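Peer 1: Handing you this structure, nothing more for now.
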Amino acid sequence: MNQHISPTGTGYSACPHDCPSTCALEIDISGGRIGRVRGSSGNSYTAGVICAKVARYGERANHPDRLTQPLRRIGPKGEGAFAPISWDEALDEIAGRFREAESRHGAESVWPYYYAGTMGLVMRDGINRLTHAKGYSRFFSSICVNPAWGGFMAGTGKLAGPDPREIGKADLVVIWGTNPVATQVNVMTHAIRARKERGAKIAVIDVYRSPTMELADIPVLIRPGTDGALACAIMHVLFRDDLADRAYLARYADDPAGLEVHLATRTPEWAAAITGLPAAEIEAFADAIGRTPKTFIRAGYGFTRSRNGAVNMHAVSSIATVAGLWQHEGGGAFHTNGAIFRWNKQMIEGLDIPGIATRRLDQSRIGDILTGDADALLGGPPVTAMLIQSTNPVSVAPDQEKVRAGFAREDLFVAVHEQFMTETARMADIVLPATMFTEHDDLYQGGGNQYVILGPKLVEPPGECRSNHDVVCALAARLGAEHAGFHKSSRAIVDWTLQATGRGTVDELEAARFLDVQPDFETAHYLKGFNWPDGRFHLKPDWASVPFSRPDKPSAHPPSAHPPSAHPPGAHPPMPEWPDHWDVIEEATDDFPFRLVTSPARSFLNSSFTETPSSTKREKRPELMIHPEDAAALGIVADDLLRVESPRGAVLLHARLFDGMRRGVVVAESIWPNRAHAGGRGINSLTGADPVAPFGGAALHDNRVRIARQG
Ligand SMILES: Nc1nc2c(c(=O)[nH]1)N[C@H]1C(S)=C(S)[C@@H](COP(=O)(O)OP(=O)(O)OC[C@H]3O[C@@H](n4cnc5c(=O)[nH]c(N)nc54)[C@H](O)[C@@H]3O)O[C@H]1N2
Ligand SMILES: Nc1nc2c(c(=O)[nH]1)N[C@H]1C(S)=C(S)[C@@H](COP(=O)(O)OP(=O)(O)OC[C@H]3O[C@@H](n4cnc5c(=O)[nH]c(N)nc54)[C@H](O)[C@@H]3O)O[C@H]1N2
Ligand code: SF4
Ligand SMILES: [Mo]
């Protein structure tokens, strides 16, 4: 492996973080350590631009607080007292405790838990190979993408769309429910290019005046969870004013006449009452879309983190069909490119292991699961042992009071493999030190773009850090788990995966650095038809036929011991037949009169970078953005310490007066560590884990709260 490492020079890699941009990176290396990081200018999506937090990655990689030794807990759970142990001792103990759990309650009492702290395919997903080989409980991944992906596929039948670089060729760029200035900077690179080169207009739909909306020509400020209403009114205007592309609809859509009838009552006035956006602004925005064939709708994740999120994503993508945008270069709707990569993941995940049929436990419901909710456990045994890689659920998972209670259980054994002593690691029995992306080999794919990128090992890790792959293989050996993937290096698995997918070899990819796998124009724009048997975009979605996984067993009753949310799982009204405002969001009540959104903070990435001083300095402290008139009505002034309470918990935040929301909407840019809040409770004490219909997921931006000055 060492042939790829040179102590000084430039290394080429991919940003491993959970960000749709997946930037191609050029990394200064000196004395075997990484320094300044730049965006690759030869990569046409990255185009030489990356975010500030990754540009200064040396601060994170060379951080004095990095974990460098395996540790064993020596005090009470969660107190943070650990003592160093050897790797052999740590691995033996984990294997022993896993065997013990298995003999007591069966293999399904072990739950390997992971997420996208690294997006490298081998390091992120290789843990599934161990799960499959041992028959442990499987992982139903749900915290991020499900409402968005499923909602997009409900129309197109496929998770792909026009080349995202075509944003640069649009005349109207519609940035819908995403905040790319903070969360995926490259969308802005291409949007600004369209503005500079073509005079394109930029529209931004959000629930607060985000840094992206600050740059918009057409700011569209709505209430949370009302995007379906806005989309319907836009389509109403398109039909009404003869701006719908009827010839396109006749050829490419399932039932445009039915939609037109349905939308007759979805007027701008109707939507104004729901969204809070004046009808005249809806009219003007709809008119701009209807008169601009090269309108590129870039739909993000944020607006789908509501209980009606999948319905809203489908409604937004339907606009591109009603206006016929898909036909034009620089037009259409794009969310993500998951479908174009088509990896053979057999070696990574052990998909050829026979009889993979254990229960799949819902990632977002980890609080319910660890506190023994029979429904969340799908009627099976309790979870008594976990290996956690690449995620920090004690900060990021919803319904946090239960998450904390679950992790505090004395009969739960937890091993956490981490780069830092996160709040999850602090709750562990064994902590293992993990490599960073420059310290191991892996393979990356773009979400918001179309590149495959190699991230080779560039430097030696500090101390005794080991990669996820190495830990999974070492445990497999101790647990008697069998699969060829346990006997290959990560580089060999990358090579196998590339070859099995028909994408050459790892050496070829290393020489090329990245591979552009963008499909041809006709395919990407669905000119040969949408991905359904009838070849049409489904304006009237058949949710049951959407080829996207769902939670194993829809819950029949609300989680116990907690006040129910607006519509407990399984108890919500049926999904609408057509694009609509599906009224299942956690609307404000007299008791909880505000709607809280927990939008991402610019200098953090979920809970990552909360350990780097320049990021915490920029974000300052956990704050609640509240409208000055709402604040005045409550007698709140700037900097007051506020108690914010939802049906699920309470959190302390400082007031920041900000007039960039509709009245009654409050925003807390997140995710600060729980301990950064006065009182030690973090933002996810307020959020709920009841699954979003019909694909699961967490409605992180859909919370009713009440607010009062503390003390
Ligand atoms: N700096 C930074 N970058 C990140 C992240 C981060 O935490 N910080 N997280 C990463 C991850 S894991 C992901 S999945 C992506 C997500 O990136 P995005 O696709 O950008 O989605 P979100 O970040 O969840 O939310 C984006 C915006 O949606 C808005 N929003 C919330 N509710 C609604 C609504 O009902 N309607 C509308 N129209 N807008 C709404 C929020 O205010 C926010 O400004 O970003 C990644 N990049
Ligand atoms: N309130 C609220 N909650 C949210 C969100 C929100 O918008 N609001 N966003 C949600 C979303 S979209 C997501 S995706 C989740 C994400 O939540 P997480 O997946 O937990 O993401 P991070 O907080 O970035 O934590 C990733 C952890 O992985 C570690 N890590 C990185 N690389 C490696 C590696 O190679 N090996 C190992 N072993 N560890 C590694 C990092 O040190 C870090 O602690 O949070 C969700 N939670
Ligand atoms: S914009 Fe996203 S992918 Fe690019 S460097 Fe920053 S976090 Fe990484
Ligand atoms: Mo995410």
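Each chain in the structure tokens gets a letter, A, B, ..., in the order shown, and its residues are numbered from 1; ligands are numbered from 1 in order too.
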With only C-alpha atoms and all ligand atoms counted, collect every polymer residue having an atom within 6 Å of ligand 2; state the result as an MDAnalysis selection string.
Peer 2: chainID A and resid 115:118 143:144 389:393 396:397 417:420 422 434:436 468 598:600 605:608 670 683:684 700
Peer 1: Hey, what's within 6 Å of A:Ala24 if we count only C-alpha atoms and toss same-chain stuff fewer than 3 positions away? As a list in words, please?
Peer 2: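 Close residues of A:Ala24: Ala14, Gly39 and Ser40 of chain A.
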Peer 1: For ligand 3, return the neighbouring residues as a list in words (distance at most 8 Å; only C-alpha atoms and all ligand atoms).
Peer 2: Ala14, Cys15, Pro16, His17, Asp18, Cys19, Pro20, Ser21, Thr22, Cys23, Ala24, Leu25, Gly39, Thr46, Val49, Ile50, Cys51, Ala52, Lys53, Val54, Ala55, Thr183, Gln184, Val185, Asn186 and Leu605 of chain A
Peer 1: Could you give me, as an NGL selection string, every polymer residue with an atom at most 7 Å away from an atom of ligand 1, counting only C-alpha atoms and all ligand atoms?
Peer 2: :A and (18-20 or 144-145 or 176-180 or 182-184 or 205-208 or 210 or 222-227 or 300-306 or 597 or 599-606 or 670-671 or 701)
Peer 1: What's the 8 Å shell around A:Phe140, counting only C-alpha atoms, without same-chain residues fewer than 4 positions away, as an MDAnalysis selection string?
Peer 2: chainID A and resid 360:363 551
Peer 1: For stretch 31-33 of chain A, please output as number ranges by chain all residues within 9 Å (counting only C-alpha atoms; exclusion window: fewer than 2 positions along the same chain).
Peer 2: A: 5-8, 28-29, 35, 58, 61-62, 458-460
Peer 1: Emit the selected residues as a PDB file, in the first residue's frame, including N, CA and C atoms.
Peer 2:
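selection_17.pdb was written with the following content:
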```pdb
ATOM      1  N   ILE A   5       2.075   6.462  -1.095  1.00  0.00           N
ATOM      2  CA  ILE A   5       2.256   7.533  -0.130  1.00  0.00           C
ATOM      3  C   ILE A   5       3.572   8.238  -0.382  1.00  0.00           C
ATOM      4  N   SER A   6       3.510   9.556  -0.541  1.00  0.00           N
ATOM      5  CA  SER A   6       4.766  10.293  -0.526  1.00  0.00           C
ATOM      6  C   SER A   6       4.634  11.355   0.546  1.00  0.00           C
ATOM      7  N   PRO A   7       5.685  11.534   1.336  1.00  0.00           N
ATOM      8  CA  PRO A   7       5.570  12.404   2.509  1.00  0.00           C
ATOM      9  C   PRO A   7       5.317  13.864   2.161  1.00  0.00           C
ATOM     10  N   THR A   8       5.623  14.265   0.934  1.00  0.00           N
ATOM     11  CA  THR A   8       5.459  15.670   0.560  1.00  0.00           C
ATOM     12  C   THR A   8       4.976  15.751  -0.877  1.00  0.00           C
ATOM     13  N   ASP A  28      -2.494  19.440  -0.179  1.00  0.00           N
ATOM     14  CA  ASP A  28      -1.069  19.653   0.107  1.00  0.00           C
ATOM     15  C   ASP A  28      -0.640  18.692   1.199  1.00  0.00           C
ATOM     16  N   ILE A  29       0.472  18.001   0.941  1.00  0.00           N
ATOM     17  CA  ILE A  29       1.001  17.091   1.955  1.00  0.00           C
ATOM     18  C   ILE A  29       2.426  17.506   2.260  1.00  0.00           C
ATOM     19  N   GLY A  35      -2.165  19.409   4.654  1.00  0.00           N
ATOM     20  CA  GLY A  35      -2.256  20.850   4.910  1.00  0.00           C
ATOM     21  C   GLY A  35      -3.452  21.421   4.179  1.00  0.00           C
ATOM     22  N   GLY A  58      -6.821  20.413   7.478  1.00  0.00           N
ATOM     23  CA  GLY A  58      -5.688  20.096   8.345  1.00  0.00           C
ATOM     24  C   GLY A  58      -6.048  20.288   9.811  1.00  0.00           C
ATOM     25  N   ALA A  61      -7.859  17.012  10.634  1.00  0.00           N
ATOM     26  CA  ALA A  61      -7.036  15.798  10.524  1.00  0.00           C
ATOM     27  C   ALA A  61      -5.909  15.786  11.554  1.00  0.00           C
ATOM     28  N   ASN A  62      -5.326  16.951  11.800  1.00  0.00           N
ATOM     29  CA  ASN A  62      -4.184  17.027  12.719  1.00  0.00           C
ATOM     30  C   ASN A  62      -4.607  17.555  14.086  1.00  0.00           C
ATOM     31  N   LEU A 458      -3.159   8.486   1.380  1.00  0.00           N
ATOM     32  CA  LEU A 458      -2.133   9.490   1.060  1.00  0.00           C
ATOM     33  C   LEU A 458      -1.121   9.668   2.180  1.00  0.00           C
ATOM     34  N   VAL A 459      -1.557   9.465   3.409  1.00  0.00           N
ATOM     35  CA  VAL A 459      -0.641   9.632   4.558  1.00  0.00           C
ATOM     36  C   VAL A 459      -0.884   8.499   5.551  1.00  0.00           C
ATOM     37  N   GLU A 460       0.062   8.294   6.434  1.00  0.00           N
ATOM     38  CA  GLU A 460      -0.118   7.304   7.506  1.00  0.00           C
ATOM     39  C   GLU A 460      -1.030   7.889   8.578  1.00  0.00           C
TER      40      GLU A 460
END
```
Peer 1: Under the rule that only C-alpha atoms and all ligand atoms are counted, which of A:Leu515, A:Ala698, A:Leu509, A:Leu432 is the nearest residue to ligand 4?
Peer 2: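 Distance minimum relative to ligand 4 lands on A:Ala698.
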Peer 1: For ligand 4, which residue among A:His236, A:Met213, A:Ile366, A:Met119 is the nearest when counting only C-alpha atoms and all ligand atoms?
Peer 2: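 Once distances to ligand 4 are computed over only C-alpha atoms and all ligand atoms, the minimum belongs to A:Met119.
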Peer 1: Neighbours of A:Ile585 within 12 Å (only C-alpha atoms; same-chain residues fewer than 3 positions away dropped), as a count of residues only?
Peer 2: 37
Peer 1: May I have all residues of stretch 421-555 of chain A that DSSP, computed from the backbone, assigns to strand (DSSP E), given as a PyMOL selection string?
Peer 2: chain A and resi 430-433+442-445+451-455+514-516
Peer 1: Would you mind exporting N, CA, C and O atoms of the selected residues as a compact mmCIF listing (two decimals), in the first residue's frame?
Peer 2:
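Below you can see again.txt, which holds the result:
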```txt
# COMPACT_ATOMS: atom_id res chain seq x y z
N ILE A 430 -16.49 0.41 24.70
CA ILE A 430 -15.19 0.36 24.02
C ILE A 430 -15.19 1.42 22.94
O ILE A 430 -16.15 1.54 22.17
N VAL A 431 -14.11 2.20 22.88
CA VAL A 431 -13.95 3.20 21.82
C VAL A 431 -12.73 2.81 20.98
O VAL A 431 -11.66 2.54 21.53
N LEU A 432 -12.93 2.80 19.65
CA LEU A 432 -11.85 2.43 18.73
C LEU A 432 -11.47 3.64 17.90
O LEU A 432 -12.35 4.36 17.41
N PRO A 433 -10.17 3.90 17.71
CA PRO A 433 -9.76 5.08 16.93
C PRO A 433 -9.80 4.81 15.42
O PRO A 433 -9.28 3.81 14.94
N ASP A 442 -10.38 4.33 -0.69
CA ASP A 442 -11.82 4.15 -0.87
C ASP A 442 -12.28 4.76 -2.19
O ASP A 442 -11.53 5.43 -2.90
N LEU A 443 -13.55 4.49 -2.47
CA LEU A 443 -14.18 4.85 -3.73
C LEU A 443 -15.41 5.69 -3.43
O LEU A 443 -16.18 5.36 -2.52
N TYR A 444 -15.60 6.77 -4.19
CA TYR A 444 -16.69 7.72 -3.91
C TYR A 444 -17.52 7.96 -5.17
O TYR A 444 -17.01 7.92 -6.28
N GLN A 445 -18.80 8.24 -4.97
CA GLN A 445 -19.66 8.63 -6.09
C GLN A 445 -20.33 9.94 -5.75
O GLN A 445 -20.68 10.21 -4.60
N TYR A 451 -19.71 12.17 -11.03
CA TYR A 451 -18.35 11.66 -11.02
C TYR A 451 -18.18 10.47 -10.07
O TYR A 451 -18.77 10.43 -9.00
N VAL A 452 -17.32 9.54 -10.49
CA VAL A 452 -16.77 8.52 -9.62
C VAL A 452 -15.35 8.99 -9.29
O VAL A 452 -14.61 9.39 -10.20
N ILE A 453 -14.99 8.99 -8.03
CA ILE A 453 -13.68 9.53 -7.64
C ILE A 453 -12.95 8.54 -6.74
O ILE A 453 -13.57 7.92 -5.86
N LEU A 454 -11.66 8.39 -6.95
CA LEU A 454 -10.85 7.55 -6.07
C LEU A 454 -10.26 8.40 -4.94
O LEU A 454 -9.79 9.51 -5.17
N GLY A 455 -10.33 7.85 -3.74
CA GLY A 455 -9.67 8.49 -2.60
C GLY A 455 -8.62 7.54 -2.06
O GLY A 455 -8.89 6.74 -1.17
N PHE A 514 -10.65 10.75 -11.59
CA PHE A 514 -12.12 10.64 -11.52
C PHE A 514 -12.66 10.29 -12.89
O PHE A 514 -11.98 10.43 -13.90
N LEU A 515 -13.91 9.83 -12.86
CA LEU A 515 -14.54 9.29 -14.05
C LEU A 515 -15.91 9.95 -14.18
O LEU A 515 -16.70 9.94 -13.23
N ASP A 516 -16.19 10.51 -15.34
CA ASP A 516 -17.49 11.16 -15.58
C ASP A 516 -18.44 10.12 -16.16
O ASP A 516 -18.23 9.63 -17.27
```
Peer 1: For A:Ser395, find every residue with an atom within 7 Å (counting only C-alpha atoms), except residues of its own chain fewer than 5 positions away, and show them as a VMD selection string.
Peer 2: chain A and resid 423 607 673 to 674
Peer 1: Stretch 115-210 of chain A: which residues are alpha helix (DSSP H) by DSSP, as a ChimeraX atom specification?
Peer 2: /A:121-125,127-134,146-156,180-183,186-198
Peer 1: Hey, which of A:Thr265, A:Gly697, A:Arg342, A:Pro219 ends up closest to ligand 4? Count only C-alpha atoms and all ligand atoms.
Peer 2: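 Of the candidates, the smallest distance to ligand 4 is held by A:Gly697.
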Peer 1: Identify, on the basis of only C-alpha atoms, every residue whose closest approach to A:Arg251 does not exceed 12 Å; exclude the query and any residue fewer than 4 positions from it along the same chain; express the result as a JSON list (two decimals) with N, CA and C atoms, in the first residue's frame.
Peer 2:
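Output contents, as saved in around.json:
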```json
[["chain", "number", "residue", "atom", "x", "y", "z"],
["A", 245, "ASP", "N", -47.30, 22.95, -20.98],
["A", 245, "ASP", "CA", -46.89, 22.45, -22.29],
["A", 245, "ASP", "C", -47.78, 21.24, -22.62],
["A", 246, "ARG", "N", -48.92, 21.52, -23.22],
["A", 246, "ARG", "CA", -49.92, 20.46, -23.43],
["A", 246, "ARG", "C", -49.44, 19.40, -24.41],
["A", 247, "ALA", "N", -48.67, 19.80, -25.40],
["A", 247, "ALA", "CA", -48.16, 18.79, -26.34],
["A", 247, "ALA", "C", -47.20, 17.84, -25.62],
["A", 255, "ASP", "N", -51.72, 11.54, -16.77],
["A", 255, "ASP", "CA", -53.11, 12.00, -16.77],
["A", 255, "ASP", "C", -53.17, 13.52, -16.56],
["A", 256, "PRO", "N", -52.67, 14.28, -17.54],
["A", 256, "PRO", "CA", -52.65, 15.74, -17.35],
["A", 256, "PRO", "C", -54.06, 16.33, -17.20],
["A", 321, "THR", "N", -42.72, 18.74, -15.34],
["A", 321, "THR", "CA", -43.49, 18.02, -16.36],
["A", 321, "THR", "C", -44.59, 18.91, -16.92],
["A", 322, "VAL", "N", -45.30, 19.59, -16.05],
["A", 322, "VAL", "CA", -46.41, 20.44, -16.52],
["A", 322, "VAL", "C", -45.87, 21.55, -17.43],
["A", 324, "GLY", "N", -43.12, 21.30, -19.11],
["A", 324, "GLY", "CA", -42.32, 20.69, -20.19],
["A", 324, "GLY", "C", -40.85, 21.03, -20.10],
["A", 327, "GLN", "N", -37.51, 18.92, -21.52],
["A", 327, "GLN", "CA", -37.06, 18.81, -22.92],
["A", 327, "GLN", "C", -35.82, 19.63, -23.22],
["A", 526, "TYR", "N", -34.99, 12.25, -20.01],
["A", 526, "TYR", "CA", -36.17, 11.36, -20.15],
["A", 526, "TYR", "C", -36.87, 11.54, -21.50],
["A", 527, "LEU", "N", -36.09, 11.88, -22.53],
["A", 527, "LEU", "CA", -36.72, 12.06, -23.84],
["A", 527, "LEU", "C", -37.15, 10.74, -24.45],
["A", 528, "LYS", "N", -36.53, 9.64, -23.95],
["A", 528, "LYS", "CA", -36.98, 8.32, -24.41],
["A", 528, "LYS", "C", -38.08, 7.79, -23.49],
["A", 529, "GLY", "N", -38.56, 8.60, -22.63],
["A", 529, "GLY", "CA", -39.63, 8.19, -21.71],
["A", 529, "GLY", "C", -39.15, 8.13, -20.28],
["A", 530, "PHE", "N", -40.09, 8.19, -19.36],
["A", 530, "PHE", "CA", -39.77, 8.07, -17.94],
["A", 530, "PHE", "C", -39.67, 6.60, -17.58],
["A", 534, "ASP", "N", -45.23, 2.45, -18.63],
["A", 534, "ASP", "CA", -45.93, 3.26, -19.64],
["A", 534, "ASP", "C", -45.06, 4.40, -20.16],
["A", 535, "GLY", "N", -43.84, 4.51, -19.67],
["A", 535, "GLY", "CA", -42.90, 5.52, -20.18],
["A", 535, "GLY", "C", -43.28, 6.95, -19.82],
["A", 536, "ARG", "N", -44.25, 7.13, -18.93],
["A", 536, "ARG", "CA", -44.75, 8.47, -18.65],
["A", 536, "ARG", "C", -44.40, 8.93, -17.23],
["A", 537, "PHE", "N", -44.32, 10.24, -17.06],
["A", 537, "PHE", "CA", -44.18, 10.81, -15.73],
["A", 537, "PHE", "C", -45.51, 10.62, -15.02]]
```
Peer 1: For ligand 4, which residue among A:Ala474, A:Ala320, A:Ala148, A:Ala279 is the nearest when counting only C-alpha atoms and all ligand atoms?
Peer 2: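 Smallest distance to ligand 4 is found for A:Ala148.
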